[in-house]
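S.K.: My structure is stored as coords.cif, with mmCIF, C-alpha atoms and all ligand atoms.
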```cif
data_entry
#
loop_
_atom_site.group_PDB
_atom_site.id
_atom_site.type_symbol
_atom_site.label_atom_id
_atom_site.label_comp_id
_atom_site.auth_asym_id
_atom_site.auth_seq_id
_atom_site.Cartn_x
_atom_site.Cartn_y
_atom_site.Cartn_z
ATOM 1 C CA MET E 1 -89.811 -3.383 130.203
ATOM 2 C CA SER E 2 -89.808 -2.051 126.639
ATOM 3 C CA ASP E 3 -89.978 -4.553 123.815
ATOM 4 C CA ARG E 4 -87.959 -2.273 121.574
ATOM 5 C CA LEU E 5 -84.457 -3.665 121.050
ATOM 6 C CA THR E 6 -81.830 -1.488 122.666
ATOM 7 C CA GLU E 7 -79.147 -0.108 120.406
ATOM 8 C CA ALA E 8 -76.765 -2.775 121.689
ATOM 9 C CA GLU E 9 -79.285 -5.581 121.128
ATOM 10 C CA SER E 10 -79.937 -4.265 117.679
ATOM 11 C CA ARG E 11 -76.218 -4.250 116.906
ATOM 12 C CA ARG E 12 -75.853 -7.816 118.208
ATOM 13 C CA ALA E 13 -78.850 -8.818 116.091
ATOM 14 C CA SER E 14 -77.234 -7.238 113.023
ATOM 15 C CA GLY E 15 -74.196 -9.436 113.616
ATOM 16 C CA ARG E 16 -76.355 -12.475 113.073
ATOM 17 C CA SER E 17 -77.472 -11.370 109.614
ATOM 18 C CA VAL E 18 -77.340 -13.769 106.748
ATOM 19 C CA ARG E 19 -75.026 -12.118 104.235
ATOM 20 C CA PRO E 20 -76.980 -10.090 101.695
ATOM 21 C CA PRO E 21 -77.259 -11.624 98.230
ATOM 22 C CA ALA E 22 -73.861 -11.174 96.608
ATOM 23 C CA ASN E 23 -75.360 -9.561 93.547
ATOM 24 C CA ALA E 24 -77.491 -7.254 95.644
ATOM 25 C CA ALA E 25 -74.842 -6.148 98.106
ATOM 26 C CA ASN E 26 -71.780 -5.843 95.944
ATOM 27 C CA GLY E 27 -72.944 -5.860 92.386
ATOM 28 C CA ALA E 28 -70.934 -9.065 91.920
ATOM 29 C CA ASP E 29 -72.184 -12.132 90.066
ATOM 30 C CA GLY E 30 -73.679 -15.065 91.932
ATOM 31 C CA ASP E 31 -77.016 -16.300 93.168
ATOM 32 C CA PRO E 32 -78.416 -14.904 96.397
ATOM 33 C CA PRO E 33 -78.509 -17.333 99.314
ATOM 34 C CA ASP E 34 -81.955 -18.771 99.877
ATOM 35 C CA PRO E 35 -83.437 -17.646 102.201
ATOM 36 C CA GLY E 36 -81.948 -14.121 102.162
ATOM 37 C CA ILE E 37 -83.272 -12.901 105.505
ATOM 38 C CA HIS E 38 -81.506 -10.615 107.941
ATOM 39 C CA VAL E 39 -81.936 -9.893 111.624
ATOM 40 C CA ALA E 40 -81.131 -6.191 111.576
ATOM 41 C CA ASP E 41 -82.374 -2.662 111.778
ATOM 42 C CA ASN E 42 -83.174 -1.966 108.135
ATOM 43 C CA LEU E 43 -81.361 1.354 108.348
ATOM 44 C CA ASP E 44 -78.141 -0.561 109.140
ATOM 45 C CA LEU E 45 -78.740 -3.104 106.390
ATOM 46 C CA MET E 46 -79.766 -0.922 103.465
ATOM 47 C CA PRO E 47 -76.530 1.105 103.174
ATOM 48 C CA ARG E 48 -74.806 -2.244 102.440
ATOM 49 C CA LEU E 49 -76.958 -2.733 99.332
ATOM 50 C CA ALA E 50 -76.032 -1.457 95.887
ATOM 51 C CA ASP E 51 -78.021 1.321 94.218
ATOM 52 C CA GLY E 52 -80.981 0.002 92.231
ATOM 53 C CA CYS E 53 -80.611 -3.643 93.294
ATOM 54 C CA CYS E 54 -84.283 -4.260 94.179
ATOM 55 C CA ASP E 55 -86.913 -4.735 91.484
ATOM 56 C CA LEU E 56 -89.844 -4.446 93.896
ATOM 57 C CA ILE E 57 -90.056 -3.295 97.511
ATOM 58 C CA TYR E 58 -93.079 -3.913 99.732
ATOM 59 C CA VAL E 59 -92.943 -2.697 103.328
ATOM 60 C CA ASP E 60 -95.437 -3.079 106.151
ATOM 61 C CA PRO E 61 -93.866 -0.977 108.908
ATOM 62 C CA PRO E 62 -95.342 -0.360 112.345
ATOM 63 C CA PHE E 63 -98.512 1.749 111.896
ATOM 64 C CA ALA E 64 -97.853 4.283 114.689
ATOM 65 C CA THR E 65 -100.609 2.715 116.806
ATOM 66 C CA GLY E 66 -98.951 3.777 120.065
ATOM 67 C CA ALA E 67 -99.156 0.227 121.443
ATOM 68 C CA VAL E 68 -97.131 -2.944 121.799
ATOM 69 C CA ARG E 69 -98.510 -5.214 119.070
ATOM 70 C CA ALA E 70 -98.964 -8.745 120.372
ATOM 71 C CA ALA E 71 -100.479 -11.777 118.704
ATOM 72 C CA ARG E 72 -103.630 -12.940 120.459
ATOM 73 C CA GLY E 73 -102.670 -15.663 122.907
ATOM 74 C CA GLY E 74 -99.165 -15.765 121.491
ATOM 75 C CA ALA E 75 -95.741 -14.959 122.815
ATOM 76 C CA HIS E 76 -94.667 -12.789 119.883
ATOM 77 C CA ARG E 77 -94.793 -9.008 119.950
ATOM 78 C CA PHE E 78 -93.176 -5.852 118.600
ATOM 79 C CA ASP E 79 -93.155 -2.293 119.864
ATOM 80 C CA ASP E 80 -95.200 0.350 118.029
ATOM 81 C CA ARG E 81 -95.003 3.063 120.720
ATOM 82 C CA TRP E 82 -93.507 6.423 119.767
ATOM 83 C CA SER E 83 -92.531 8.894 122.441
ATOM 84 C CA GLY E 84 -93.084 12.101 120.519
ATOM 85 C CA GLY E 85 -96.129 10.665 118.712
ATOM 86 C CA ILE E 86 -96.548 10.949 114.961
ATOM 87 C CA LYS E 87 -93.570 13.316 114.657
ATOM 88 C CA ALA E 88 -91.283 10.594 116.006
ATOM 89 C CA PHE E 89 -92.780 8.083 113.573
ATOM 90 C CA VAL E 90 -92.259 10.469 110.653
ATOM 91 C CA ALA E 91 -88.629 11.016 111.727
ATOM 92 C CA PHE E 92 -88.154 7.216 111.868
ATOM 93 C CA MET E 93 -89.608 6.666 108.388
ATOM 94 C CA GLN E 94 -87.954 9.555 106.536
ATOM 95 C CA PRO E 95 -84.383 8.169 106.145
ATOM 96 C CA ARG E 96 -85.774 4.726 105.377
ATOM 97 C CA LEU E 97 -87.944 6.052 102.549
ATOM 98 C CA VAL E 98 -84.849 7.751 101.113
ATOM 99 C CA GLU E 99 -82.964 4.437 101.195
ATOM 100 C CA PHE E 100 -85.903 2.555 99.614
ATOM 101 C CA ARG E 101 -85.675 4.922 96.660
ATOM 102 C CA ARG E 102 -81.902 4.507 96.369
ATOM 103 C CA VAL E 103 -81.995 0.694 96.313
ATOM 104 C CA LEU E 104 -84.956 0.555 93.907
ATOM 105 C CA ALA E 105 -84.173 -0.284 90.250
ATOM 106 C CA PRO E 106 -85.129 2.289 87.571
ATOM 107 C CA HIS E 107 -88.032 -0.015 86.614
ATOM 108 C CA GLY E 108 -88.855 -0.708 90.283
ATOM 109 C CA THR E 109 -91.952 -0.027 92.379
ATOM 110 C CA LEU E 110 -92.371 0.654 96.093
ATOM 111 C CA TYR E 111 -95.478 -0.295 98.102
ATOM 112 C CA VAL E 112 -95.783 1.208 101.609
ATOM 113 C CA HIS E 113 -98.546 -0.376 103.689
ATOM 114 C CA LEU E 114 -100.127 1.851 106.376
ATOM 115 C CA ASP E 115 -103.498 2.765 107.805
ATOM 116 C CA TRP E 116 -105.443 5.950 108.653
ATOM 117 C CA ARG E 117 -102.960 6.955 111.339
ATOM 118 C CA ALA E 118 -99.854 7.647 109.266
ATOM 119 C CA ALA E 119 -100.798 7.298 105.579
ATOM 120 C CA ALA E 120 -101.255 11.059 105.012
ATOM 121 C CA TYR E 121 -97.898 11.951 106.575
ATOM 122 C CA VAL E 122 -96.024 9.297 104.618
ATOM 123 C CA ARG E 123 -97.788 10.282 101.374
ATOM 124 C CA VAL E 124 -96.427 13.821 101.712
ATOM 125 C CA MET E 125 -92.921 12.486 102.400
ATOM 126 C CA LEU E 126 -93.077 10.133 99.434
ATOM 127 C CA ASP E 127 -94.210 12.930 97.139
ATOM 128 C CA THR E 128 -91.128 14.867 98.208
ATOM 129 C CA ILE E 129 -88.659 11.973 98.025
ATOM 130 C CA PHE E 130 -89.950 10.204 94.897
ATOM 131 C CA GLY E 131 -91.605 13.183 93.196
ATOM 132 C CA ALA E 132 -95.390 13.495 92.928
ATOM 133 C CA ASP E 133 -95.102 12.479 89.247
ATOM 134 C CA ASN E 134 -93.979 9.036 90.337
ATOM 135 C CA PHE E 135 -97.097 8.376 92.405
ATOM 136 C CA LEU E 136 -98.966 5.407 90.923
ATOM 137 C CA ASN E 137 -101.735 4.432 93.316
ATOM 138 C CA GLU E 138 -103.303 4.643 96.707
ATOM 139 C CA ILE E 139 -104.651 1.130 97.098
ATOM 140 C CA ILE E 140 -107.474 0.581 99.536
ATOM 141 C CA TRP E 141 -107.324 -2.887 101.039
ATOM 142 C CA HIS E 142 -110.822 -3.443 102.356
ATOM 143 C CA TYR E 143 -111.696 -6.200 104.842
ATOM 144 C CA ARG E 144 -114.617 -6.924 107.123
ATOM 145 C CA THR E 145 -113.144 -8.416 110.295
ATOM 146 C CA GLY E 146 -112.840 -6.647 113.648
ATOM 147 C CA GLY E 147 -115.313 -4.796 115.822
ATOM 148 C CA ALA E 148 -117.908 -2.154 114.960
ATOM 149 C CA SER E 149 -118.011 1.416 116.276
ATOM 150 C CA ARG E 150 -121.025 3.379 117.542
ATOM 151 C CA ARG E 151 -119.173 6.671 117.179
ATOM 152 C CA TRP E 152 -117.897 6.613 113.591
ATOM 153 C CA PHE E 153 -118.025 4.424 110.470
ATOM 154 C CA GLY E 154 -116.140 1.184 110.962
ATOM 155 C CA ARG E 155 -112.481 1.570 109.981
ATOM 156 C CA LYS E 156 -112.159 -1.351 107.638
ATOM 157 C CA HIS E 157 -109.344 -0.594 105.281
ATOM 158 C CA ASP E 158 -105.580 -0.234 105.092
ATOM 159 C CA THR E 159 -103.834 2.061 102.616
ATOM 160 C CA LEU E 160 -100.982 1.026 100.343
ATOM 161 C CA LEU E 161 -99.068 3.931 98.805
ATOM 162 C CA VAL E 162 -97.473 2.926 95.516
ATOM 163 C CA TYR E 163 -94.637 4.859 93.857
ATOM 164 C CA ALA E 164 -92.475 4.063 90.841
ATOM 165 C CA ARG E 165 -88.786 4.890 90.834
ATOM 166 C CA ARG E 166 -89.518 6.334 87.377
ATOM 167 C CA ALA E 167 -93.164 6.257 86.331
ATOM 168 C CA GLY E 168 -93.442 5.054 82.754
ATOM 169 C CA ARG E 169 -90.405 2.768 83.104
ATOM 170 C CA HIS E 170 -91.912 0.719 85.919
ATOM 171 C CA ARG E 171 -93.012 -2.896 85.571
ATOM 172 C CA PHE E 172 -96.769 -3.386 85.620
ATOM 173 C CA HIS E 173 -98.936 -6.315 84.607
ATOM 174 C CA VAL E 174 -102.689 -5.770 84.419
ATOM 175 C CA LEU E 175 -104.439 -8.320 86.620
ATOM 176 C CA ARG E 176 -108.000 -9.431 85.906
ATOM 177 C CA GLU E 177 -110.421 -10.851 88.416
ATOM 178 C CA GLY E 178 -114.114 -10.952 89.255
ATOM 179 C CA ILE E 179 -117.219 -10.322 87.166
ATOM 180 C CA TYR E 180 -118.353 -7.431 84.970
ATOM 181 C CA ARG E 181 -121.139 -5.369 86.495
ATOM 182 C CA THR E 182 -122.103 -3.791 83.165
ATOM 183 C CA ASP E 183 -125.827 -3.847 82.297
ATOM 184 C CA GLY E 184 -127.012 -6.018 79.424
ATOM 185 C CA LEU E 185 -123.918 -8.174 79.067
ATOM 186 C CA LYS E 186 -124.391 -11.302 76.933
ATOM 187 C CA ARG E 187 -122.126 -14.211 75.973
ATOM 188 C CA ASP E 188 -121.498 -15.431 72.428
ATOM 189 C CA GLU E 189 -121.311 -19.090 71.295
ATOM 190 C CA ALA E 190 -117.697 -19.283 72.530
ATOM 191 C CA GLY E 191 -118.655 -17.857 75.931
ATOM 192 C CA ARG E 192 -117.035 -14.456 75.300
ATOM 193 C CA PRO E 193 -118.784 -11.527 77.018
ATOM 194 C CA PHE E 194 -120.155 -8.737 74.846
ATOM 195 C CA LYS E 195 -122.677 -5.923 74.811
ATOM 196 C CA SER E 196 -124.866 -5.084 71.808
ATOM 197 C CA THR E 197 -124.413 -1.509 70.658
ATOM 198 C CA LYS E 198 -125.702 0.447 67.632
ATOM 199 C CA LYS E 199 -122.369 -0.271 65.944
ATOM 200 C CA GLY E 200 -122.487 -4.005 66.673
ATOM 201 C CA ARG E 201 -121.007 -6.168 69.415
ATOM 202 C CA LEU E 202 -118.673 -4.573 71.907
ATOM 203 C CA TYR E 203 -116.514 -7.353 73.333
ATOM 204 C CA PHE E 204 -115.137 -7.422 76.863
ATOM 205 C CA ASN E 205 -111.978 -9.208 77.997
ATOM 206 C CA ALA E 206 -112.893 -12.854 78.659
ATOM 207 C CA HIS E 207 -110.572 -12.998 81.695
ATOM 208 C CA GLY E 208 -112.718 -10.491 83.578
ATOM 209 C CA PRO E 209 -112.362 -6.830 84.508
ATOM 210 C CA ALA E 210 -108.981 -5.279 85.269
ATOM 211 C CA LEU E 211 -108.363 -4.871 88.977
ATOM 212 C CA THR E 212 -108.880 -1.378 90.340
ATOM 213 C CA ASP E 213 -107.317 0.306 93.354
ATOM 214 C CA VAL E 214 -109.916 -1.075 95.787
ATOM 215 C CA TRP E 215 -109.117 -4.616 96.883
ATOM 216 C CA ASP E 216 -111.432 -6.889 98.830
ATOM 217 C CA ILE E 217 -109.242 -9.538 100.409
ATOM 218 C CA PRO E 218 -110.223 -11.203 103.706
ATOM 219 C CA PHE E 219 -108.071 -10.385 106.735
ATOM 220 C CA LEU E 220 -106.499 -13.491 108.282
ATOM 221 C CA SER E 221 -109.013 -14.831 110.792
ATOM 222 C CA THR E 222 -107.813 -15.850 114.233
ATOM 223 C CA VAL E 223 -108.084 -19.501 113.206
ATOM 224 C CA SER E 224 -106.663 -19.176 109.690
ATOM 225 C CA VAL E 225 -104.302 -22.003 108.735
ATOM 226 C CA GLU E 226 -101.960 -19.339 107.363
ATOM 227 C CA ARG E 227 -101.390 -17.817 110.808
ATOM 228 C CA VAL E 228 -97.939 -18.399 112.278
ATOM 229 C CA GLY E 229 -98.332 -16.294 115.428
ATOM 230 C CA TRP E 230 -96.742 -12.994 114.385
ATOM 231 C CA PRO E 231 -98.879 -9.944 115.225
ATOM 232 C CA THR E 232 -100.210 -8.040 112.193
ATOM 233 C CA GLN E 233 -99.333 -10.887 109.807
ATOM 234 C CA LYS E 234 -100.697 -10.090 106.337
ATOM 235 C CA PRO E 235 -102.456 -12.539 103.978
ATOM 236 C CA LEU E 236 -100.443 -14.242 101.259
ATOM 237 C CA ALA E 237 -103.234 -13.329 98.790
ATOM 238 C CA LEU E 238 -102.397 -9.633 99.212
ATOM 239 C CA LEU E 239 -98.693 -10.136 98.514
ATOM 240 C CA ASP E 240 -99.364 -12.547 95.681
ATOM 241 C CA ARG E 241 -101.319 -9.815 93.898
ATOM 242 C CA ILE E 242 -98.671 -7.134 94.450
ATOM 243 C CA ILE E 243 -95.814 -9.347 93.288
ATOM 244 C CA ARG E 244 -97.641 -10.570 90.177
ATOM 245 C CA ALA E 245 -98.604 -7.016 89.212
ATOM 246 C CA SER E 246 -95.234 -5.345 89.773
ATOM 247 C CA SER E 247 -92.457 -7.857 89.121
ATOM 248 C CA ASN E 248 -91.218 -10.546 86.750
ATOM 249 C CA PRO E 249 -89.892 -14.044 87.475
ATOM 250 C CA ASP E 250 -86.343 -13.948 88.931
ATOM 251 C CA ASP E 251 -86.738 -10.323 90.053
ATOM 252 C CA LEU E 252 -85.488 -9.411 93.512
ATOM 253 C CA VAL E 253 -88.411 -8.630 95.851
ATOM 254 C CA ALA E 254 -87.437 -6.920 99.117
ATOM 255 C CA ASP E 255 -89.325 -6.448 102.379
ATOM 256 C CA PHE E 256 -87.365 -4.436 104.952
ATOM 257 C CA PHE E 257 -90.007 -4.904 107.708
ATOM 258 C CA CYS E 258 -90.649 -8.550 106.864
ATOM 259 C CA GLY E 259 -92.133 -9.813 110.158
ATOM 260 C CA SER E 260 -93.131 -13.443 109.643
ATOM 261 C CA GLY E 261 -91.981 -13.364 106.015
ATOM 262 C CA THR E 262 -95.297 -13.208 104.130
ATOM 263 C CA THR E 263 -93.701 -11.256 101.254
ATOM 264 C CA LEU E 264 -90.775 -13.658 101.045
ATOM 265 C CA VAL E 265 -92.987 -16.750 100.928
ATOM 266 C CA ALA E 266 -95.216 -15.188 98.236
ATOM 267 C CA ALA E 267 -92.126 -14.158 96.239
ATOM 268 C CA ALA E 268 -90.563 -17.615 96.445
ATOM 269 C CA ARG E 269 -93.825 -19.271 95.358
ATOM 270 C CA LEU E 270 -93.934 -16.998 92.307
ATOM 271 C CA GLY E 271 -90.336 -17.746 91.304
ATOM 272 C CA ARG E 272 -88.895 -14.422 92.454
ATOM 273 C CA ARG E 273 -85.746 -13.940 94.551
ATOM 274 C CA PHE E 274 -86.255 -12.281 97.903
ATOM 275 C CA LEU E 275 -84.512 -10.143 100.481
ATOM 276 C CA GLY E 276 -86.057 -9.814 103.935
ATOM 277 C CA CYS E 277 -85.111 -7.963 107.097
ATOM 278 C CA ASP E 278 -86.592 -7.602 110.576
ATOM 279 C CA LEU E 279 -85.328 -6.259 113.868
ATOM 280 C CA ARG E 280 -86.738 -9.172 115.852
ATOM 281 C CA PRO E 281 -84.909 -12.518 115.735
ATOM 282 C CA GLU E 282 -88.201 -14.334 116.533
ATOM 283 C CA ALA E 283 -89.796 -12.871 113.389
ATOM 284 C CA VAL E 284 -86.892 -13.996 111.233
ATOM 285 C CA ALA E 285 -87.039 -17.464 112.818
ATOM 286 C CA LEU E 286 -90.735 -17.705 111.882
ATOM 287 C CA ALA E 287 -90.047 -16.460 108.353
ATOM 288 C CA THR E 288 -87.229 -18.973 107.916
ATOM 289 C CA LYS E 289 -89.486 -21.800 109.098
ATOM 290 C CA ARG E 290 -92.250 -20.734 106.711
ATOM 291 C CA LEU E 291 -89.838 -20.637 103.797
ATOM 292 C CA GLN E 292 -88.491 -24.080 104.611
ATOM 293 C CA ALA E 293 -92.048 -25.480 104.837
ATOM 294 C CA ARG E 294 -93.314 -23.976 101.598
HETATM 295 C C1 LIG E 301 -96.402 -4.798 110.735
HETATM 296 S S1 LIG E 301 -95.087 -5.887 111.102
HETATM 297 C C2 LIG E 301 -94.799 -6.739 109.572
HETATM 298 C C3 LIG E 301 -95.689 -7.956 109.431
HETATM 299 C C4 LIG E 301 -95.427 -8.710 108.135
HETATM 300 N N1 LIG E 301 -95.893 -8.000 106.984
HETATM 301 C C5 LIG E 301 -96.054 -10.099 108.176
HETATM 302 O O1 LIG E 301 -96.907 -10.412 107.299
HETATM 303 O O2 LIG E 301 -95.723 -10.863 109.082
HETATM 304 C C6 LIG E 301 -93.756 -4.742 111.221
HETATM 305 C C7 LIG E 301 -92.429 -5.390 111.493
HETATM 306 O O3 LIG E 301 -91.410 -4.385 111.449
HETATM 307 C C8 LIG E 301 -90.377 -4.787 112.317
HETATM 308 N N2 LIG E 301 -89.507 -3.609 112.556
HETATM 309 C C9 LIG E 301 -89.785 -2.522 113.301
HETATM 310 N N3 LIG E 301 -88.762 -1.639 113.224
HETATM 311 C C10 LIG E 301 -87.824 -2.178 112.384
HETATM 312 C C11 LIG E 301 -86.566 -1.745 111.896
HETATM 313 N N4 LIG E 301 -86.043 -0.567 112.252
HETATM 314 N N5 LIG E 301 -85.877 -2.567 111.060
HETATM 315 C C12 LIG E 301 -86.398 -3.764 110.694
HETATM 316 N N6 LIG E 301 -87.597 -4.228 111.127
HETATM 317 C C13 LIG E 301 -88.316 -3.444 111.966
HETATM 318 C C14 LIG E 301 -91.122 -5.333 113.534
HETATM 319 O O4 LIG E 301 -90.301 -6.196 114.289
HETATM 320 C C15 LIG E 301 -92.301 -6.049 112.860
HETATM 321 O O5 LIG E 301 -92.034 -7.406 112.656
#
```
Once you've parsed the file, please lay out its structure as structure tokens.

M.R.:
Amino acid sequence: MSDRLTEAESRRASGRSVRPPANAANGADGDPPDPGIHVADNLDLMPRLADGCCDLIYVDPPFATGAVRAARGGAHRFDDRWSGGIKAFVAFMQPRLVEFRRVLAPHGTLYVHLDWRAAAYVRVMLDTIFGADNFLNEIIWHYRTGGASRRWFGRKHDTLLVYARRAGRHRFHVLREGIYRTDGLKRDEAGRPFKSTKKGRLYFNAHGPALTDVWDIPFLSTVSVERVGWPTQKPLALLDRIIRASSNPDDLVADFFCGSGTTLVAAARLGRRFLGCDLRPEAVALATKRLQAR
């Protein structure tokens, strides 16, 4: 039996949605309910949202793996099979990407999380829908877990495509982390890093180098305390970084494929409002539990 919800199931699931935040759905005043999570097909939910209501959107859709994704040893699963292959996946994503752009604020940013299977196809669609000028980054999330291959280099990264609604108006905070790898770096009496040049001391930012578009963040191990049993659950550290870089406190952060609610938990911890949506009631139940426990 397919794990995909039938149209009827999906409609019934939509009926159980928590109402969208009043200010997001109608443009009216009022605080969004907490947690703002919906059991729905995101293509049914998004038309109910006002233009430009989301300050940041992160989505981690199915990756077009052609398989049912199940958590190891767990009961939870979602369907990532596409009769029609990549073409069917592209047809599924296209109207959703259009809606993401519509609900994104003029200063907003969209992150679409994919891997080698679909990233190229979605990049071309995003260039068309958002405009190539609004492309900001292709972030490589590198990790080390998983098996090794004897037939090609190990596939150890995911790709996050990042687009601004209007590049130049988008929110962005430089994040600093790690150590400088520059040769001959010294520290002054106050511990500030510098390099001696012919013109004198060249000082470096004491908080470390600015993050680049290659991120080394460990994948959640099978025994991680963060794991809640949803297949393909992403680490909070990844979402923490995205939300800090591309939003401000009180902003509305949306995840229309929220699964176990990683984005929503990270947003809440950082003092942002959140809007989540998933087709599967079990995913929303897990997300709700995580938010209550935080
Ligand atoms: C890769 S998982 C997201 C995992 C999530 N980032 C986490 O950390 O738990 C993709 C999710 O998209 C959901 N999904 C698939 N099609 C959907 C649709 N049309 N509308 C809403 N959610 C959908 C699946 O149920 C699944 O939970």

S.K.: Using all atoms listed in the file, which residues have at least one atom no more than 7 Å from ligand LIG 301 (chain E)? Output them as a ChimeraX atom specification.

M.R.: /E:40-43,60-63,78,230-235,256-263,277-280,283

S.K.: Can you work out the spacing between atom CA of E:Gly229 and atom CA of E:His142 in Å, to one decimal?

M.R.: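 Separation between atom CA of E:Gly229 and atom CA of E:His142: 22.2 Å.
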
S.K.: Name the closest residue to E:Ile37 among the candidates E:Arg227, E:His113, E:Arg244, E:Arg273; distances are taken between atoms, counting all atoms listed in the file.

M.R.: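 Residue with the minimum atom-to-atom distance to E:Ile37: E:Arg273.
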
S.K.: Neighbouring residues of E:Asp51 were defined as those with any atom within 6 Å, considering only C-alpha atoms; residues of the same chain fewer than 2 positions away were excluded. Please report them as a PyMOL selection string.

M.R.: chain E and resi 53+102-103

S.K.: Report the distance between atom CA of E:Ala120 and atom CA of E:Thr159 in Å, rounded to one decimal place.

M.R.: 9.7 Å

S.K.: Closest to E:Leu161 among E:Arg123, E:Arg294, E:Arg48, E:Arg201, using only C-alpha atoms?

M.R.: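 Closest to E:Leu161, using only C-alpha atoms: E:Arg123.
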
S.K.: For each of E:His157, E:Val265, E:Pro218, E:Ser224, take the minimum atom-to-atom distance to E:Asp240, counting all atoms listed in the file, then give the residue where this is smallest.

M.R.: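 Going through E:His157, E:Val265, E:Pro218, E:Ser224 one by one, the smallest distance to E:Asp240 is for E:Val265.
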
S.K.: So how far away is atom CA of E:Val284 from atom CA of E:Asp80, in Å?

M.R.: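 Pair atom CA of E:Asp80 / atom CA of E:Val284 returns 17.9 Å.
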
S.K.: So for stretch 139-149 of chain E, what box centre and size do we get, axis-aligned, 4 Å extra on each of the six sides, every listed atom, Å to one decimal, as JSON?

M.R.:
```
{"center_x": -111.3, "center_y": -3.5, "center_z": 106.7, "size_x": 21.4, "size_y": 17.8, "size_z": 27.2}
```

S.K.: Just say which residues the PyMOL selection byres (((chain E and resi 134) around 9) and not hetatm) picks in this file, as a short mmCIF file (atom, residue, chain, number, x, y, z; two decimals) with C-alpha atoms, in the frame of the given file.

M.R.:
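Output (out32.cif):
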```
data_model
loop_
_atom_site.label_atom_id
_atom_site.label_comp_id
_atom_site.auth_asym_id
_atom_site.auth_seq_id
_atom_site.Cartn_x
_atom_site.Cartn_y
_atom_site.Cartn_z
CA ASP E 127 -94.21 12.93 97.14
CA PHE E 130 -89.95 10.20 94.90
CA GLY E 131 -91.60 13.18 93.20
CA ALA E 132 -95.39 13.50 92.93
CA ASP E 133 -95.10 12.48 89.25
CA PHE E 135 -97.10 8.38 92.40
CA LEU E 136 -98.97 5.41 90.92
CA VAL E 162 -97.47 2.93 95.52
CA TYR E 163 -94.64 4.86 93.86
CA ALA E 164 -92.48 4.06 90.84
CA ARG E 165 -88.79 4.89 90.83
CA ARG E 166 -89.52 6.33 87.38
CA ALA E 167 -93.16 6.26 86.33
CA GLY E 168 -93.44 5.05 82.75
#
```

S.K.: Taking the file as shown, what set of residues would the PyMOL selection byres (((chain E and resi 206-210) around 10) and not hetatm) give back, as a PyMOL selection string?

M.R.: chain E and resi 174-181+187+191-194+203-205+211-213

S.K.: What's the 10 Å shell around E:Asn248, counting all atoms listed in the file, without same-chain residues fewer than 6 positions away, as a PyMOL selection string?

M.R.: chain E and resi 55-56+171-173+270-272
